[in-house]
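Working notes, beginning with the structure itself.
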Amino acid sequence: MNDFVQGLRLWFAPERIRDEGDTPDYRFSLANERTFLAWIRTALALIGGGFAVDQFLPDLAWGVRTGLALALLAAGVLCALRAVNHWVRCERAMRRGEDLPVSRFPALLGLAVAVVAVSMVVVVVFGWEGR
């Protein structure tokens, strides 16, 4: 639990990460930052998709439309939070000379997006309309 709290503090005070270990090759830190930005772009796309489903599919049954929109919005929020967490964990591991952390999050995010995509395919094929 203490490691979690310390990691969370680094979200808001990233300069403190310099207190740990040795400075890695800058190319690795910059690659870590590019990965962070890719996660943020993914989060923004998911959030945009959630709003698009809600705003541009008015004929879709309210519960279906809301469920799909909320699933995409929630995935976007989790992806944005995970981006910061992953950046901190990787930066700490590189400074400490440890293996990079592994995560199940990419698989879970992929499954969530696949479920929403399959749901959207069903909606497109069967054309569910609001009543």
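Residue numbers start at 1 in each chain; chains themselves are named A, B, ... in the order of the structure tokens; ligands are numbered from 1 in the order shown.
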
Extract, using only C-alpha atoms, all DNA, RNA and protein residues at most 7 Å from A:Cys79, discarding same-chain residues fewer than 3 positions from it, and format them as a list in words.
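After dropping sequence-adjacent residues, the list is Trp39, Ala43, Ala75, Gly76, Arg82 and Ala83 of chain A.
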
Keeping only N, CA, C and O atoms, take the residues you just selected and write them out as a JSON list (two decimals), in the first residue's frame.
[["chain", "number", "residue", "atom", "x", "y", "z"],
["A", 39, "TRP", "N", -1.33, 6.72, -25.08],
["A", 39, "TRP", "CA", -2.44, 6.33, -24.21],
["A", 39, "TRP", "C", -3.44, 7.48, -24.08],
["A", 39, "TRP", "O", -4.65, 7.27, -24.08],
["A", 43, "ALA", "N", -7.34, 7.56, -25.04],
["A", 43, "ALA", "CA", -8.38, 7.98, -24.09],
["A", 43, "ALA", "C", -9.28, 9.04, -24.72],
["A", 43, "ALA", "O", -10.51, 8.97, -24.61],
["A", 75, "ALA", "N", -14.16, 3.71, -20.41],
["A", 75, "ALA", "CA", -12.89, 3.20, -20.93],
["A", 75, "ALA", "C", -11.91, 4.34, -21.17],
["A", 75, "ALA", "O", -10.72, 4.21, -20.89],
["A", 76, "GLY", "N", -12.42, 5.48, -21.63],
["A", 76, "GLY", "CA", -11.56, 6.64, -21.84],
["A", 76, "GLY", "C", -10.99, 7.18, -20.54],
["A", 76, "GLY", "O", -9.81, 7.52, -20.45],
["A", 82, "ARG", "N", -4.76, 5.37, -16.41],
["A", 82, "ARG", "CA", -3.73, 4.34, -16.58],
["A", 82, "ARG", "C", -2.49, 4.90, -17.26],
["A", 82, "ARG", "O", -1.37, 4.47, -16.99],
["A", 83, "ALA", "N", -2.67, 5.87, -18.13],
["A", 83, "ALA", "CA", -1.54, 6.48, -18.82],
["A", 83, "ALA", "C", -0.56, 7.09, -17.83],
["A", 83, "ALA", "O", 0.66, 6.87, -17.92]]

Distance query stretch 30-34 of chain A at most 12 Å, only C-alpha atoms, self and fewer than 5 positions along chain excluded, as a ChimeraX atom specification:
/A:24-25,39-41,83-94,100

Those same residues - N, CA, C and O atoms - I'd like them written as an mmCIF file, in the first residue's frame.
data_model
loop_
_atom_site.group_PDB
_atom_site.id
_atom_site.type_symbol
_atom_site.label_atom_id
_atom_site.label_comp_id
_atom_site.auth_asym_id
_atom_site.auth_seq_id
_atom_site.Cartn_x
_atom_site.Cartn_y
_atom_site.Cartn_z
ATOM 1 N N PRO A 24 18.136 7.406 -16.445
ATOM 2 C CA PRO A 24 18.282 6.509 -17.600
ATOM 3 C C PRO A 24 18.675 7.309 -18.845
ATOM 4 O O PRO A 24 18.624 8.542 -18.850
ATOM 5 N N ASP A 25 19.043 6.603 -19.873
ATOM 6 C CA ASP A 25 19.302 7.233 -21.163
ATOM 7 C C ASP A 25 18.044 8.034 -21.537
ATOM 8 O O ASP A 25 16.924 7.543 -21.449
ATOM 9 N N TRP A 39 -1.328 6.720 -25.081
ATOM 10 C CA TRP A 39 -2.435 6.332 -24.205
ATOM 11 C C TRP A 39 -3.441 7.483 -24.078
ATOM 12 O O TRP A 39 -4.653 7.266 -24.076
ATOM 13 N N ILE A 40 -2.947 8.713 -23.981
ATOM 14 C CA ILE A 40 -3.837 9.870 -23.869
ATOM 15 C C ILE A 40 -4.640 10.045 -25.154
ATOM 16 O O ILE A 40 -5.846 10.335 -25.109
ATOM 17 N N ARG A 41 -4.014 9.865 -26.309
ATOM 18 C CA ARG A 41 -4.759 9.945 -27.578
ATOM 19 C C ARG A 41 -5.845 8.873 -27.632
ATOM 20 O O ARG A 41 -6.962 9.127 -28.093
ATOM 21 N N ALA A 83 -2.670 5.869 -18.133
ATOM 22 C CA ALA A 83 -1.535 6.483 -18.823
ATOM 23 C C ALA A 83 -0.561 7.094 -17.826
ATOM 24 O O ALA A 83 0.655 6.874 -17.922
ATOM 25 N N VAL A 84 -1.090 7.838 -16.870
ATOM 26 C CA VAL A 84 -0.228 8.470 -15.867
ATOM 27 C C VAL A 84 0.437 7.409 -15.004
ATOM 28 O O VAL A 84 1.647 7.443 -14.755
ATOM 29 N N ASN A 85 -0.358 6.443 -14.561
ATOM 30 C CA ASN A 85 0.168 5.382 -13.714
ATOM 31 C C ASN A 85 1.275 4.604 -14.424
ATOM 32 O O ASN A 85 2.327 4.321 -13.842
ATOM 33 N N HIS A 86 1.048 4.282 -15.669
ATOM 34 C CA HIS A 86 2.030 3.511 -16.435
ATOM 35 C C HIS A 86 3.308 4.325 -16.643
ATOM 36 O O HIS A 86 4.415 3.787 -16.527
ATOM 37 N N TRP A 87 3.170 5.612 -16.937
ATOM 38 C CA TRP A 87 4.341 6.456 -17.126
ATOM 39 C C TRP A 87 5.208 6.467 -15.860
ATOM 40 O O TRP A 87 6.418 6.273 -15.930
ATOM 41 N N VAL A 88 4.562 6.667 -14.697
ATOM 42 C CA VAL A 88 5.305 6.711 -13.430
ATOM 43 C C VAL A 88 5.967 5.371 -13.147
ATOM 44 O O VAL A 88 7.149 5.317 -12.792
ATOM 45 N N ARG A 89 5.233 4.276 -13.313
ATOM 46 C CA ARG A 89 5.790 2.964 -13.019
ATOM 47 C C ARG A 89 6.981 2.638 -13.914
ATOM 48 O O ARG A 89 7.991 2.098 -13.462
ATOM 49 N N CYS A 90 6.876 2.969 -15.204
ATOM 50 C CA CYS A 90 7.987 2.696 -16.121
ATOM 51 C C CYS A 90 9.184 3.581 -15.820
ATOM 52 O O CYS A 90 10.328 3.115 -15.847
ATOM 53 N N GLU A 91 8.935 4.851 -15.539
ATOM 54 C CA GLU A 91 10.040 5.760 -15.233
ATOM 55 C C GLU A 91 10.784 5.301 -13.977
ATOM 56 O O GLU A 91 12.017 5.296 -13.932
ATOM 57 N N ARG A 92 10.041 4.897 -12.959
ATOM 58 C CA ARG A 92 10.668 4.402 -11.723
ATOM 59 C C ARG A 92 11.474 3.136 -11.996
ATOM 60 O O ARG A 92 12.590 2.982 -11.504
ATOM 61 N N ALA A 93 10.902 2.230 -12.773
ATOM 62 C CA ALA A 93 11.612 0.979 -13.075
ATOM 63 C C ALA A 93 12.906 1.257 -13.836
ATOM 64 O O ALA A 93 13.946 0.656 -13.532
ATOM 65 N N MET A 94 12.862 2.159 -14.792
ATOM 66 C CA MET A 94 14.078 2.474 -15.550
ATOM 67 C C MET A 94 15.131 3.103 -14.645
ATOM 68 O O MET A 94 16.317 2.766 -14.749
ATOM 69 N N LEU A 100 10.716 -3.574 -16.781
ATOM 70 C CA LEU A 100 9.536 -2.728 -16.922
ATOM 71 C C LEU A 100 8.315 -3.478 -16.405
ATOM 72 O O LEU A 100 8.216 -4.700 -16.552
#

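Residue nearest A:Leu46 within the list A:Ala69, A:Ala61, A:Ile17, A:Leu111: A:Ala69 [criterion: smallest interatomic distance, only C-alpha atoms].
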
Any idea what's packed within 9 Å of stretch 120-128 of chain A, counting only C-alpha atoms, ignoring anything in its chain fewer than 4 positions away? Could you give it as a list in words?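 Final neighbour list, sorted by chain and number: Asp59, Leu60, Ala61, Val64, Leu68, Val115 and Val116 of chain A.
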
How would the residues just chosen look if you wrote them out with N, CA, C and O atoms as a CSV table (one decimal), in the first residue's frame?
chain,number,residue,atom,x,y,z
A,59,ASP,N,-31.8,7.8,-32.7
A,59,ASP,CA,-32.9,6.8,-33.0
A,59,ASP,C,-32.6,5.5,-32.3
A,59,ASP,O,-33.5,4.6,-32.3
A,60,LEU,N,-31.4,5.4,-31.7
A,60,LEU,CA,-31.1,4.2,-30.9
A,60,LEU,C,-31.9,4.2,-29.6
A,60,LEU,O,-32.0,5.2,-29.0
A,61,ALA,N,-32.3,3.0,-29.2
A,61,ALA,CA,-33.0,2.9,-27.9
A,61,ALA,C,-32.2,3.6,-26.8
A,61,ALA,O,-31.0,3.4,-26.7
A,64,VAL,N,-29.7,1.4,-24.8
A,64,VAL,CA,-28.6,0.9,-25.6
A,64,VAL,C,-27.6,2.0,-25.8
A,64,VAL,O,-26.4,1.9,-25.6
A,68,LEU,N,-23.8,2.1,-24.3
A,68,LEU,CA,-22.6,2.1,-25.2
A,68,LEU,C,-21.8,3.4,-24.9
A,68,LEU,O,-20.6,3.3,-24.9
A,115,VAL,N,-16.1,-5.5,-27.1
A,115,VAL,CA,-17.5,-5.7,-26.8
A,115,VAL,C,-18.3,-4.6,-27.3
A,115,VAL,O,-19.4,-4.8,-27.8
A,116,VAL,N,-17.9,-3.4,-27.1
A,116,VAL,CA,-18.6,-2.2,-27.6
A,116,VAL,C,-18.7,-2.3,-29.1
A,116,VAL,O,-19.8,-2.0,-29.7

_As an exercise, work out the distance from atom CA of A:Asp99 to atom CA of A:Phe36 in Å and give it to one decimal place._
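Taking atom CA of A:Asp99 and atom CA of A:Phe36, their separation equals 17.9 Å.
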
Contact residues around A:Asp22 with only C-alpha atoms at 9 Å, ignoring same-chain residues under 3 positions, as a compact mmCIF listing (two decimals) with N, CA and C atoms, in the first residue's frame:
# COMPACT_ATOMS: atom_id res chain seq x y z
N ARG A 18 13.25 11.95 -9.62
CA ARG A 18 14.70 12.05 -9.75
C ARG A 18 15.43 11.56 -8.50
N ASP A 19 14.71 11.46 -7.39
CA ASP A 19 15.33 10.98 -6.15
C ASP A 19 15.58 9.48 -6.17
N MET A 94 12.86 2.16 -14.79
CA MET A 94 14.08 2.47 -15.55
C MET A 94 15.13 3.10 -14.65
N ARG A 95 14.73 3.98 -13.76
CA ARG A 95 15.68 4.63 -12.86
C ARG A 95 16.28 3.63 -11.87
N ARG A 96 15.51 2.63 -11.49
CA ARG A 96 15.98 1.63 -10.53
C ARG A 96 16.72 0.47 -11.20
N GLY A 97 16.70 0.44 -12.53
CA GLY A 97 17.34 -0.66 -13.25
C GLY A 97 16.55 -1.95 -13.17

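Between atom CA of A:Pro14 and atom CA of A:Ala38 the separation is 19.0 Å.
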
Can you tell me, as a ChimeraX atom specification, which residues in stretch 20-129 of chain A count as helix (DSSP H, G or I) by DSSP? /A:26-56,62-96,105-126
